[in-house]
Structure formats: structure tokens, C-alpha cells
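Notes follow the structure.
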Amino acid sequence: MTQQFAGFRQDEVNGVPLLWRQDRRFKTFRLTLHASRPLDSRAASRSLLPGLLLLGTEKDPDRPALSRRMESLYGAAVYPSAVKLGETHSFRLGLDAVSGRFLPGRPDQLGEGLSFLTDYLSRPSLEGGGFPEDRFERERSQAANAVRALEDDKTAWARQRALTLACEGEPMAIPEHGGLEAIEALRRQDPEEARKDFLERGEMWAVAMGAIDGNELIDRAAQMLQELPERRPEPIPDPVAVEKRERRSLVERRELQQCKQVLIMRQPRCESVETWVGRRLFFSMLGGGPHSRLFREVRENQSLAYYVSANADRNKGIAVVQLGLDEEAAEKAEAEILAQIADLQAGNFEEQELETAKAGILSGLKAVDDSIGQRCAFTSEQWLQEADRSPAQQAELYAKADKAQVLSGAQDLWLDYSYLLAGEQKGAAS
Amino acid sequence: MSDFEVITDPVLGEEIWLTRTSKGLPLRVLPSQRFAEIAAVVSIGYGSTDLGFDLNGEKRRSPEGVAHYLEHKLFEDEDLHVFERFGQRGADVNAMTGFTRTTYYFTATSMLEENLDDLLTLVSKLHITDENVDKERGIIEQEIRMYEDSPEYRGFFDLLRCFYGEHPVRNPVGGTVESIQGIDVEELTACHRAFYRTGNAALAVAGPVDPKIVLELAEAWELPEGAAPASKFPEDLAAVRSASGHSKMTVARPRLLLGFKDRDLLTDPLERRDRQLHSQIILDRILGGSSEIREDLHQRGLLDDSLSASYMGERSFGFTVLACETEEPEKLAGVLKEVLMQPMQIDEEHLERARRRALGQYVRSFDSLSSLAFGQGEEALEGIKPFALIERLEKLSCAELVERHREMFREDSYAMVVVGG
């Protein structure tokens with residue numbers, strides 16, 4: 001029976017909730033299947049899986065064959081991924097294609113596309129219960145090399161390093177790729193076991209939107225999902241909470257031109273949507289863009305950093321402040337950030353600051369419906385939060401938020417870890 | 001006030017309104033009610049390569065990085081900070097500088113008139129003082145340093161320096177820490193006066209807007225009328241300056257960048273668009289996902305998924321660049337050069353798939369308001385008619401791709417750079 005969820009229709013298809021919306025404003029459509037598992041020691045095998053799925057299916061035995069099929073579907077894109085969301089590892093398999101309505105001969109893009117997706121999901125090219133040895137070895141070696149190369153992206157690497165150090169002993173410390181050692185220790189069977197585990201035990205849902213016909217979508221999705229193994233979904237545990245402790249810090253040195261500073265801050269995880277609305281407004285005012293306190297004070301007025309931003313992770317109760325600066329400015333920048341946080345927490349902000357933060361978020365929510373990708377992501381987030389609000393309903397919460405709500409969202413925020421990636425010798429990076 | 005010409009694509013169900021203001025500014029509006037958001041783009045035909053020009057009979061030579069510096073300074077005015085003003089209206093505003101263009105844009109869900117008027121004003125009015133120009137230098141230095149930490153960025157410009165001995169495309173877009181020391185109020189003012197003119201700009205607006213209101217605002221824009229001076233580019237079409245280079249940098253994995261420089265140039269924008277399309281199809285044919293050659297290189301362990309391949313062609317330069325991570329850069333460079341230079345196998349089946357892929361990509365672009373506004377801003381500046389791609393795809397032939405392939409990859413236009421210790 002069809003229900004409504006977050007402005008989408010909701011159907012149960014072969015035991016999997018399918019959230020969908022036919023929207024003829026668009027010329028394309030998208031369907032994404034999600035399956036969530038706890039972030040744990042299997043992260044490496046889960047992260048290797050998407051790359052292996054792209055190397056062949058029973059029907060299209062190698063990558064060129066798969067790519068030819070995608071090209072024939074007018075450049076349809078199939079994108080498997082394994083994404084870290086707080087302490088959850090989420091497998092996604094999506095199809096993005098142009099509707100046949102806008103193409104010569106009106107081809108059946110939805111039917112062909114979902115049949116293609118089914119091949120990826122349920123009929124990968126396997127040998128003896130695992131991915132073929134040569135493909136596994138190649139993909140593993142490539143994944144290990146990609147992890148090594150991450151160190152060359154100093155901004156991303158500093159962020160990952162800071163999270164690993166700050167969250168030692170918590171699942172949050174595990175990087176999305178699982179880590180070099182874990183990748184090197186993988187066995188050929190592990191990625192296929194990860195695939196089965198996602199499909200059997202994962203909390204699963206699917207989201208679809210765009211130029212699609214609802215009945216046809218449900219029929220086609222049913223054909224795809226009937227090939228799933230028997231399902232025994234397991235709930236995702238709550239993320240680990242940490243007691244307040246003394247600030248820790250580390251300076252590491254590399255050859256670089258611009259230092260990267262990362263502050264890992266903690267806050268209790270938001271249980272209510274009202275607290276989250278207040279918290280998001282607080283972080284927007286603090287470091288959510290050129291209108292924010294940190295941009296104005298740390299970059300523009302005091303010229304302490306080239307870039308500075310702050311954002312909160314709802315899935316964990318953690319916030320990250322990131323800066324690109326000279327090493328000499330790091331201490332002063334950290335002090336200024338803490339001072340600005342304290343100032344906002346004390347309620348020392350103008351109504352205009354709050355209104356500007358609201359205007360940005362409200363405008364973003366109004367535009368969510370303009371993009372299939374953003375609207376599907378919004379609906380998925382609502383599903384994960386069990387929130388059931390449309391963008392317009394969500395906007396109402398932000399529109400009526402007041403100073404007290406922002407102050408409530410800003411409470412109990414403390415600095416856990418200060419990490420600085422600096423030049424090889426002190427001062428060398430300036 | 002000017003009248004609009006409305007061009008419609010019946011299959012896509014899209015219409016684009018075209019006109020020129022009384023001061024000669026090309027304007028395109030896509031009045032689509034499909035979207036809640038509005039995107040507006042101002043394109044200026046002035047980028048990092050426009051360093052040499054004549055102004056009022058005087059030959060000028062700008063320091064490297066001046067177009068980017070100017071873009072930064074236009075975001076400063078007498079009142080409240082520009083970002084805050086747009087932010088209060090829930091709008092995002094930004095800009096970017098490339099080799100031949102500077103683009104200013106905003107997206108918003110309300111207050112079109114206030115936002116567009118504000119964007120147009122910030123582009124046309126320069127508020128600078130010695131003090132604020134000096135202050136900006138520190139911020140731009142930090143930006144330059146941030147880019148210099150990127151192996152791909154370093155390797156890319158070292159490869160361009162192998163291709164070109166004289167042409168300013170060899171310089172980083174933002175200049176260098178040294179070159180920007182020579183940028184001052186006089187330089188920025190002169191460049192703004194010279195290049196920020198209606199004959200060297202275009203405006204495109206997409207979303208739920210009334211074209212007549214957009215035209216009224218464009219008519220009222222105080223951008224000086226007339227053409228910009230023609231930039232002078234050194235003749236730099238000879239063989240590459242150096243066939244190999246080395247970007248010394250400590251990296252976790254070495255990077256290989258290699259490419260081929262175009263030895264002839266096209267002045268007609270439509271012909272350049274065709275060359276862009278042909279070059280991309282050729283790169284996809286040889287090294288795209290469906291290529292047997294690429295699969296073979298993967299299986300032999302020579303190549304991984306870090307490979308990217310692209311072509312860029314402008315009025316005064318053009319080049320193909322491949323980039324990837326590898327432990328054996330010299331060996332891989334040799335293999336890639338060989339596969340690119342060998343005769344290309346392409347038949348009607350390949351061509352049909354390439355057509356389908358390009359058509360799908362084109363239709364897809366109409367689902368993104370920002371891509372529409374950016375694409376139309378670019379095409380308006382170049383004077384290219386809307387919806388031209390479909391016709392070009394129909395005309396595509398194997399023979400012209402084979403011909404382009406032959407001229408694209410030549411021994412004396414090849415260079416490679418290794419980024420590593």
C-alpha cells in the first residue's frame with residue numbers, strides 16, 4: 001500500500017522500502033539502493049567492493065563491455081560506492097539516466113537501466129565464491145596506492161589524520177577506505193562476503209525520482225529486488241559517546257607550502273530535530289561561509305588564514321574546524337576560534353547574523369527540489385533520521401528558530417584535539 | 001529597448017531568449033518555471049593570458065596574475081561586505097578566473113532584481129585603495145601556496161612550460177608570489193577599464209524570471225560600452241620547447257603528466273567547439289572505459305583508475321593533457337605515447353555510441369540550472385547559437401575523427417613531466 005514519506009510516495013517492494021517521486025520537470029531519472037552496516041574492521045573489504053563491481057558481471061564480462069552498455073544507454077551512469085556516515089558504512093548502488101522521452105525512438109531507458117543495475121547488484125562476475133584473483137589483486141593494489149596518494153592532498157589528509165588521532169578506539173577513527181594495513185591483509189573472498197553481508201544484513205531502502213512512471217518503476221524495481229538474498233537486517237548501533245577531557249594536540253611535519261590546522265570538537269549527539277536545527281544555525285554563523293564569524297574575523301579582519309570553515313557531523317556529535325594558514329598564526333587562530341565560539345555561546349550575536357544564517361539554509365532548502373541528486377539525498381537523510389519532513393516542512397523549523405534554540409544547539413561544545421600539519425622546519429611553510 | 005529572439009528546441013521543450021542591449025551586451029535568458037532557483041552568470045572575456053595589449057596608444061605588459069587579482073578586488077565595495085549582502089538574501093555569490101575568462105555568478109531563490117543589480121554593480125565598479133590592494137596580496141599569496149602543494153597543479157603548469165616558451169598560458173592563473181608584488185592600483189584600474197566592457201562580456205540568467213525585467217537591469221548596467229583591446233599573444237606554435245620535465249616535490253606517489261600541443265589554431269568559435277568535441281571523442285575511444293587498449297594496460301598493471309584525459313582549445317592555444325599516478329612514469333609515458341600515436345581504429349558502431357553518450361550528456365545539462373546559465377554565458381560570449389550541438393552530432397563522421405587524430409598527436413608536439421622527488 002502506498003504511503004507518503006518526506007514528500008515522496010512510499011511502497012514496500014519485496015520487503016524493501018521504495019521512496020519515489022515522479023517529477024516531469026526533469027529529463028533524467030535516478031534510482032539509488034542504500035544498505036547500511038556499522039563501520040568496523042570490515043571497512044576495507046566494503047570499500048573495495050564498488051571498484052570490483054565495475055569490472056564485470058555475468059552478462060558483461062569486463063569493463064569495456066559494461067562501458068559499451070552504458071554508452072548505448074545514452075551515457076547512463078551506474079555508480080556503486082561505500083560511504084562513511086559517522087560510524088555507519090553505507091553501500092549505495094545508483095543509476096542515473098536520461099528519460100527515453102527526450103531521445104530518438106523513445107528507448108526504454110528505465111527498463112534497460114534497472115536490468116543493468118540488477119546485473120551489478122546480483123550477478124557480479126565471480127569465480128569459486130569470490131571475485132577473480134587477478135581482478136581482486138589489481139583492485140587491492142590500486143586501493144592501496146590510492147590510500148598512499150591521499151597524503152598528497154594535504155587538506156583531506158590532515159582532516160583524516162586529525163579524526164584518526166582524536167577518535168582513537170572509536171569506530172569513527174576508521175577511515176572510509178579501511179586503512180592501508182587492512183587493505184593489504186584482505187583475502188579474495190572478503191569483498192564478496194561484504195556484498196552478501198550488505199544485501200542480507202544491511203538496513204536497506206531505495207530512493208527514486210525524476211522523469212519516471214510510478215507503476216513501471218515499482219514493477220521494474222520489484223524485478224530487481226526479488227533477486228536479493230533472504231534478508232535478516234540488523235540495526236545500526238548508536239555511535240560511541242566520549243566524556244569531556246583535556247585538549248590534546250599534535251604537530252606533524254611534511255614538505256608543504258601552506259600549513260593545515262584541524263580542530264576536532266565534540267558535542268553530545270543531537271537527539272531532537274529542534275536541537276539539530278539550532279546547532280546547524282550555530283555552525284553556519286560560526287564557520288558556514290563568507291558570512292560567518294570565522295571568515296570575517298580570522299580571515300578578513302585578522303588575516304590569520306586563507307581559508308577557515310566549521311561544520312558539525314550530525315551522525316556522530318563531532319565538529320571539525322579546518323584552516324589553511326602560516327604556522328606562526330596557528331596558536332592565535334585557535335585562540336580566536338575558541339573566543340568566537342564562547343562569544344556566540346554567550347549569546348553575543350546580532351539578530352542579523354542569525355537571519356543571514358537562516359536565509360542561506362532556507363534558500364538551500366527551497367532549491368533542493370531543483371536537483372534530483374539533492375532531493376534524493378534529502379529524502380535519504382530524512383529516512384535515516386526517521387524524520388518524515390519535506391524540504392518545505394524542514395524550512396518551517398528553521399524559519400521559526402530563535403536565539404534560545406541556537407544557544408541550545410551550541411551548548412556543551414568542547415575542543416578535543418588540535419592538529420597541525422606544518423612545514424618540515426618551523427616557519428618553512430611561509 | 002532591444003527585442004528578444006526566442007529559439008526553441010521542440011524535443012527538449014526548452015526555449016532560450018537572446019538579445020543584445022543597446023550598448024551591445026549579449027544577453028541570454030532561460031525563463032524556466034521548472035526551477036525555484038535563479039542562476040545568473042556574467043562572463044568577461046579576460047583571463048590570465050591577457051597580459052599584453054595596447055591601451056590609448058601605449059603598449060602595456062601586465063604582471064602575471066592580474067586578472068585573478070582583479071577578480072578578488074571586485075568583491076570589495078564601499079558598503080557592507082559583498083558576501084554578507086548576498087548572504088542576507090540567501091544568495092551564494094562567487095567568481096572564478098581561467099586562462100581566457102573571468103566569470104562572476106550568483107544563485108538565489110528570491111530577490112532577482114536586488115541580486116542581479118548587485119552582481120552587475122560589483123563587476124562594473126572597482127573600489128580600490130593602496131591599502132586594500134596590499135591587504136589582498138597576503139590572501140592571494142596564501143591561495144598560490146595552497147595550489148603549489150598540489151602535485152597535479154605543479155605538474156600541469158610544468159607541462160605547459162614544456163609546450164610553450166612564450167605564450168602566457170604557461171603561467172599559473174593566479175601568478176606567482178613574486179609576480180603579484182608588481183600589481184598595484186594603477187595596474188588593476190587600467191585592466192578593469194580596458195577589458196570590462198560590453199563588447200567583451202555576456203550575461204546569462206536562468207530560472208523563473210521575466211526576460212523583460214532581466215533586460216531592463218542589463219540596459220541599466222553601467223559597464224562601459226565598446227570593445228576591449230585585442231590581447232597580443234606571441235606566435236608559439238612551433239615544436240614543444242622541451243620534450244620532458246621534472247617537478248621536484250616530495251610525494252607519496254609520483255605523478256605523470258603528458259600531452260600534445262596543438263600546432264595550428266582555429267579562430268572560428270564553432271570550429272573550435274567541433275575540435276573540442278572531436279578531441280574528447282578520440283580520447284574516449286583510445287582511453288575511455290570502453291577502450292580495449294585501456295583494459296589491456298590495466299591488466300598489464302601499467303595503468304590504474306587515476307588516469308584522466310582532457311583537451312582544451314582556445315583562440316591562441318590548444319593542448320591535450322593526460323594525468324595519472326604511477327610508480328613507473330617513464331615506462332608508462334612511452335606506452336601511452338605509443339598508443340595515442342598509432343592509427344586509431346574507429347567504425348560506425350563506435351561513432352554511434354559516442355553520439356549517444358554526447359547526446360545524453362547534453363540532455364542531462366538541461367536538468368542543472370547552473371550548467372545552463374554557465375553554458376549560455378559562454379556561448380553568448382563566443383557568439384554560438386543555442387542548441388547547436390544536436391546538429392553537430394548528426395554530422396559527425398569517422399573520417400573527420402581520423403583526420404583530427406592524425407593532427408592531434410605528433411612527435412614534435414609531445415611532452416611529459418614527472419612529479420616526484
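By order in the C-alpha cells, chains are A, B, ...; within a chain, residues start at 1; ligands start at 1, following the order shown.
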Residues of chain A that approach chain B to 7 Å or less, counting only C-alpha atoms: could you list each one with the shortest pair of atoms and its distance in Å to one decimal, rows by chain and increasing residue number, as a tab-separated table?
residue	atom	partner	partner_atom	distance
A:Arg25	CA	B:Arg34	CA	5.6
A:Phe26	CA	B:Asp367	CA	5.9
A:Lys27	CA	B:Asp367	CA	6.4
A:Thr28	CA	B:Arg364	CA	6.5
A:Arg63	CA	B:Gly289	CA	6.7
A:Pro64	CA	B:Ser290	CA	3.7
A:Ala65	CA	B:Ser290	CA	6.5
A:Ser67	CA	B:Ser290	CA	4.8
A:Arg68	CA	B:Ser290	CA	5.4
A:Glu71	CA	B:Arg357	CA	5.2
A:Ser72	CA	B:Arg353	CA	5.5
A:Tyr74	CA	B:Arg356	CA	4.5
A:Gly75	CA	B:Arg357	CA	4.2
A:Val98	CA	B:Gly360	CA	6.2
A:Phe102	CA	B:Val11	CA	6.1
A:Gln142	CA	B:Asp304	CA	6.5
A:Arg148	CA	B:Ala252	CA	5.8
A:Ala149	CA	B:Ala252	CA	5.4
A:Glu151	CA	B:Ala252	CA	6.3
A:Asp152	CA	B:Val251	CA	6.0
A:Asp153	CA	B:Ser150	CA	6.7
A:Glu255	CA	B:Thr250	CA	6.6
A:Leu256	CA	B:Asp149	CA	5.8
A:Gln257	CA	B:Arg145	CA	5.3
A:Gln258	CA	B:Met146	CA	5.6
A:Pro290	CA	B:Phe83	CA	5.8
A:His291	CA	B:Glu84	CA	4.9
A:Tyr306	CA	B:Gln142	CA	5.6
A:Glu355	CA	B:Gln88	CA	7.0
A:Thr356	CA	B:Gln88	CA	4.4
A:Ala359	CA	B:Gly90	CA	4.2
A:Gly360	CA	B:Gly90	CA	4.1
A:Ser363	CA	B:Gly90	CA	5.3
A:Lys366	CA	B:Ala36	CA	6.8
A:Ala367	CA	B:Glu37	CA	5.6
A:Asp370	CA	B:Phe35	CA	5.4
- Message: Give me the residues near Thr88 (chain A) as a VMD selection string, where near means some atom within 7 Å (using only C-alpha atoms) and where sequence neighbours in that chain fewer than 3 positions away do not count.
- Response: chain A and resid 36 to 39 84 to 85
Please save C-alpha atoms of the selected residues as an mmCIF file, in the first residue's frame.
data_model
loop_
_atom_site.group_PDB
_atom_site.id
_atom_site.type_symbol
_atom_site.label_atom_id
_atom_site.label_comp_id
_atom_site.auth_asym_id
_atom_site.auth_seq_id
_atom_site.Cartn_x
_atom_site.Cartn_y
_atom_site.Cartn_z
ATOM 1 C CA SER A 36 23.880 0.382 5.881
ATOM 2 C CA ARG A 37 26.169 -1.569 8.204
ATOM 3 C CA PRO A 38 28.204 -0.484 11.238
ATOM 4 C CA LEU A 39 31.618 0.971 10.460
ATOM 5 C CA LYS A 84 31.306 6.569 5.741
ATOM 6 C CA LEU A 85 28.499 8.377 7.575
#
- Task: Show which residues sit within 6 Å of region 168-177 of chain A, as a ChimeraX atom specification. Count only C-alpha atoms, and ignore same-chain residues fewer than 2 positions away.
- Result: /A:44,47,84,87,163-166,179
May I have the selected residues written with C-alpha atoms, as a PDB file, in the first residue's frame?
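Now in out_20.pdb:
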ATOM      1  CA  ALA A  44      38.439  -2.272   3.758  1.00  0.00           C
ATOM      2  CA  SER A  47      35.318  -0.168   0.262  1.00  0.00           C
ATOM      3  CA  LYS A  84      31.306   6.569   5.741  1.00  0.00           C
ATOM      4  CA  GLU A  87      30.047   5.377  12.449  1.00  0.00           C
ATOM      5  CA  LEU A 163      39.947  12.375  13.112  1.00  0.00           C
ATOM      6  CA  THR A 164      42.032   9.206  13.436  1.00  0.00           C
ATOM      7  CA  LEU A 165      44.052  10.679  16.287  1.00  0.00           C
ATOM      8  CA  ALA A 166      41.133  12.293  18.084  1.00  0.00           C
ATOM      9  CA  GLY A 179      43.304   1.763   6.197  1.00  0.00           C
TER      10      GLY A 179
END
- Item | Contact residues around Pro386 (chain B) with only C-alpha atoms at 8 Å, ignoring same-chain residues under 2 positions, as a list of chain:residue names |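 Counting only C-alpha atoms, the residues come to B:Ile7, B:Ile16, B:Gln376, B:Glu379, B:Ile384, B:Ala388.
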- Between CA of Glu411 (chain B) and CA of Met341 (chain B), distance in Å (one decimal): 8.2 Å
- Message: Quick check for you: according to DSSP on this backbone, which residues of region 302-373 of chain A are classed as strand (DSSP E or B)? Reply as a PyMOL selection string.
- Response: chain A and resi 305-313+318-325
Next, write the just-selected residues to a file, as a compact mmCIF listing (two decimals), in the first residue's frame, keeping C-alpha atoms as the atom set.
# COMPACT_ATOMS: atom_id res chain seq x y z
CA ALA A 305 44.21 32.14 7.50
CA TYR A 306 43.49 31.81 3.80
CA TYR A 307 40.50 29.59 4.41
CA VAL A 308 38.56 28.63 7.51
CA SER A 309 35.36 26.67 7.91
CA ALA A 310 33.43 24.83 10.61
CA ASN A 311 30.82 22.14 10.28
CA ALA A 312 29.08 19.64 12.52
CA ASP A 313 28.52 15.94 11.81
CA ILE A 318 31.57 15.83 16.31
CA ALA A 319 32.51 19.11 14.64
CA VAL A 320 35.53 19.93 12.53
CA VAL A 321 37.15 23.35 12.09
CA GLN A 322 39.66 23.49 9.22
CA LEU A 323 42.14 26.20 8.30
CA GLY A 324 44.91 26.83 5.79
CA LEU A 325 47.45 29.20 7.31
- Message: DSSP on the backbone, helix (DSSP H, G or I) only: what residues of region 121-158 of chain A does that give? Format it as a PyMOL selection string.
- Response: chain A and resi 121-122+133-150+154-158
- Message: As an exercise, work out the distance from CA of Arg280 (chain A) to CA of Gly409 (chain A) in Å and give it to one decimal place.
- Response: 7.6 Å
- Task: For region 381-397 of chain A, list every protein, DNA or RNA residue within 10 Å, evaluated using only C-alpha atoms, and leave out those in the same chain fewer than 3 positions away; present the list as a PyMOL selection string.
- Result: chain A and resi 4-8+17+19+36+203+205+207+271-274+277-278+314-315+358+361-369+375-378+400-401
Those residues with N, CA and C atoms, as a CSV table (one decimal), in the first residue's frame please?
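Dumped to selection26.csv:
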chain,number,residue,atom,x,y,z
A,4,GLN,N,3.0,8.1,2.2
A,4,GLN,CA,3.8,9.2,1.9
A,4,GLN,C,5.0,9.3,2.9
A,5,PHE,N,6.1,9.7,2.4
A,5,PHE,CA,7.3,9.9,3.3
A,5,PHE,C,8.1,11.1,2.7
A,6,ALA,N,8.2,12.1,3.5
A,6,ALA,CA,9.0,13.3,3.2
A,6,ALA,C,8.7,13.9,1.8
A,7,GLY,N,7.4,13.8,1.5
A,7,GLY,CA,7.0,14.4,0.2
A,7,GLY,C,7.2,13.4,-1.0
A,8,PHE,N,7.6,12.1,-0.7
A,8,PHE,CA,7.7,11.1,-1.7
A,8,PHE,C,6.6,10.1,-1.4
A,17,PRO,N,11.8,-0.8,1.5
A,17,PRO,CA,11.0,0.5,1.3
A,17,PRO,C,11.5,1.2,0.1
A,19,LEU,N,11.1,4.7,-1.8
A,19,LEU,CA,10.6,6.1,-1.7
A,19,LEU,C,10.8,6.7,-3.1
A,36,SER,N,23.0,-0.1,4.8
A,36,SER,CA,23.9,0.4,5.9
A,36,SER,C,24.3,-0.7,6.8
A,203,GLU,N,20.6,-2.5,6.7
A,203,GLU,CA,19.4,-1.8,6.7
A,203,GLU,C,19.2,-1.2,5.3
A,205,TRP,N,17.1,0.5,1.9
A,205,TRP,CA,16.0,1.3,1.3
A,205,TRP,C,16.4,1.8,-0.1
A,207,VAL,N,15.7,4.9,-3.1
A,207,VAL,CA,15.1,6.2,-3.4
A,207,VAL,C,15.1,6.5,-4.9
A,271,GLU,N,19.6,14.5,19.7
A,271,GLU,CA,18.6,13.5,19.7
A,271,GLU,C,17.3,14.1,19.1
A,272,SER,N,17.1,15.4,19.3
A,272,SER,CA,15.9,16.0,18.7
A,272,SER,C,16.2,16.9,17.5
A,273,VAL,N,15.2,17.0,16.7
A,273,VAL,CA,15.4,17.8,15.5
A,273,VAL,C,15.6,19.3,15.8
A,274,GLU,N,14.9,19.7,16.9
A,274,GLU,CA,15.0,21.2,17.3
A,274,GLU,C,16.4,21.5,17.7
A,277,VAL,N,18.5,21.7,14.5
A,277,VAL,CA,18.2,23.0,13.8
A,277,VAL,C,19.0,24.1,14.4
A,278,GLY,N,19.0,24.2,15.8
A,278,GLY,CA,19.8,25.2,16.5
A,278,GLY,C,21.3,25.0,16.2
A,314,ARG,N,26.2,15.4,12.1
A,314,ARG,CA,25.0,15.0,12.9
A,314,ARG,C,25.1,13.6,13.3
A,315,ASN,N,25.7,12.7,12.5
A,315,ASN,CA,25.7,11.3,12.7
A,315,ASN,C,26.6,10.9,13.9
A,358,LYS,N,20.0,31.9,8.6
A,358,LYS,CA,18.7,31.3,8.2
A,358,LYS,C,18.5,31.4,6.7
A,361,ILE,N,20.3,28.8,4.7
A,361,ILE,CA,19.8,27.5,4.8
A,361,ILE,C,18.4,27.4,4.2
A,362,LEU,N,17.6,28.4,4.4
A,362,LEU,CA,16.2,28.4,3.8
A,362,LEU,C,16.3,28.4,2.2
A,363,SER,N,17.2,29.2,1.7
A,363,SER,CA,17.3,29.3,0.2
A,363,SER,C,17.8,27.9,-0.3
A,364,GLY,N,18.7,27.3,0.4
A,364,GLY,CA,19.2,25.9,0.1
A,364,GLY,C,18.0,24.9,0.1
A,365,LEU,N,17.2,25.0,1.1
A,365,LEU,CA,16.0,24.1,1.2
A,365,LEU,C,15.0,24.3,0.1
A,366,LYS,N,14.9,25.6,-0.3
A,366,LYS,CA,13.9,25.9,-1.3
A,366,LYS,C,14.4,25.3,-2.7
A,367,ALA,N,15.7,25.3,-2.8
A,367,ALA,CA,16.3,24.9,-4.1
A,367,ALA,C,16.5,23.4,-4.2
A,368,VAL,N,16.3,22.7,-3.0
A,368,VAL,CA,16.5,21.2,-3.0
A,368,VAL,C,15.7,20.5,-4.1
A,369,ASP,N,14.5,21.0,-4.3
A,369,ASP,CA,13.6,20.3,-5.3
A,369,ASP,C,14.1,20.5,-6.7
A,375,ARG,N,17.6,16.2,-3.9
A,375,ARG,CA,16.3,15.9,-3.3
A,375,ARG,C,16.3,14.4,-2.8
A,376,CYS,N,17.0,13.5,-3.6
A,376,CYS,CA,17.1,12.1,-3.2
A,376,CYS,C,18.0,12.1,-1.9
A,377,ALA,N,19.0,12.8,-1.9
A,377,ALA,CA,19.9,12.8,-0.7
A,377,ALA,C,19.1,13.3,0.5
A,378,PHE,N,18.3,14.4,0.3
A,378,PHE,CA,17.5,14.9,1.4
A,378,PHE,C,16.5,13.8,1.9
A,400,LYS,N,11.3,29.4,12.1
A,400,LYS,CA,10.8,29.8,13.4
A,400,LYS,C,11.9,29.7,14.5
A,401,ALA,N,13.1,29.2,14.1
A,401,ALA,CA,14.1,29.0,15.2
A,401,ALA,C,14.5,30.4,15.7
- Item | Who sits within 8 Å of Glu71 (chain B), only C-alpha atoms, same chain under 2 positions skipped, as a VMD selection string | chain B and resid 67 to 69 73 to 75 95 to 97 102
Take the residues from that selection and write them out as a short mmCIF file (atom, residue, chain, number, x, y, z; two decimals), in the first residue's frame, keeping N, CA and C atoms.
data_model
loop_
_atom_site.label_atom_id
_atom_site.label_comp_id
_atom_site.auth_asym_id
_atom_site.auth_seq_id
_atom_site.Cartn_x
_atom_site.Cartn_y
_atom_site.Cartn_z
N ALA B 67 44.54 39.30 -13.74
CA ALA B 67 43.10 39.06 -13.92
C ALA B 67 42.50 38.44 -12.65
N HIS B 68 43.23 37.52 -12.04
CA HIS B 68 42.77 36.87 -10.82
C HIS B 68 42.74 37.87 -9.65
N TYR B 69 43.75 38.72 -9.58
CA TYR B 69 43.82 39.75 -8.53
C TYR B 69 42.62 40.68 -8.66
N LYS B 73 39.54 41.71 -6.10
CA LYS B 73 39.28 43.08 -5.64
C LYS B 73 37.87 43.57 -5.96
N LEU B 74 37.25 42.97 -6.98
CA LEU B 74 35.89 43.42 -7.31
C LEU B 74 34.88 43.01 -6.23
N PHE B 75 35.29 42.11 -5.37
CA PHE B 75 34.38 41.71 -4.28
C PHE B 75 34.50 42.63 -3.08
N ALA B 95 33.08 33.84 -7.92
CA ALA B 95 33.70 34.14 -9.22
C ALA B 95 34.86 33.20 -9.45
N MET B 96 35.26 33.07 -10.71
CA MET B 96 36.47 32.29 -10.99
C MET B 96 37.20 32.85 -12.21
N THR B 97 38.50 32.69 -12.17
CA THR B 97 39.32 33.19 -13.27
C THR B 97 39.97 32.00 -13.97
N THR B 102 36.92 35.51 -17.09
CA THR B 102 36.62 35.66 -15.67
C THR B 102 35.10 35.61 -15.57
#
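For the atom pair formed by CA of Gln411 (chain A) and CA of Gly317 (chain A), the distance is 11.9 Å, given to one decimal.
Using only C-alpha atoms, the smallest distance between any of B:Glu222, B:Glu166, B:Asp412, B:Glu131 and Gly259 (chain B) comes from B:Asp412.
Distances to Ile128 (chain B) were evaluated for B:Phe163, B:Val335, B:Tyr105, B:Leu188 using only C-alpha atoms, and the minimum falls at B:Leu188.
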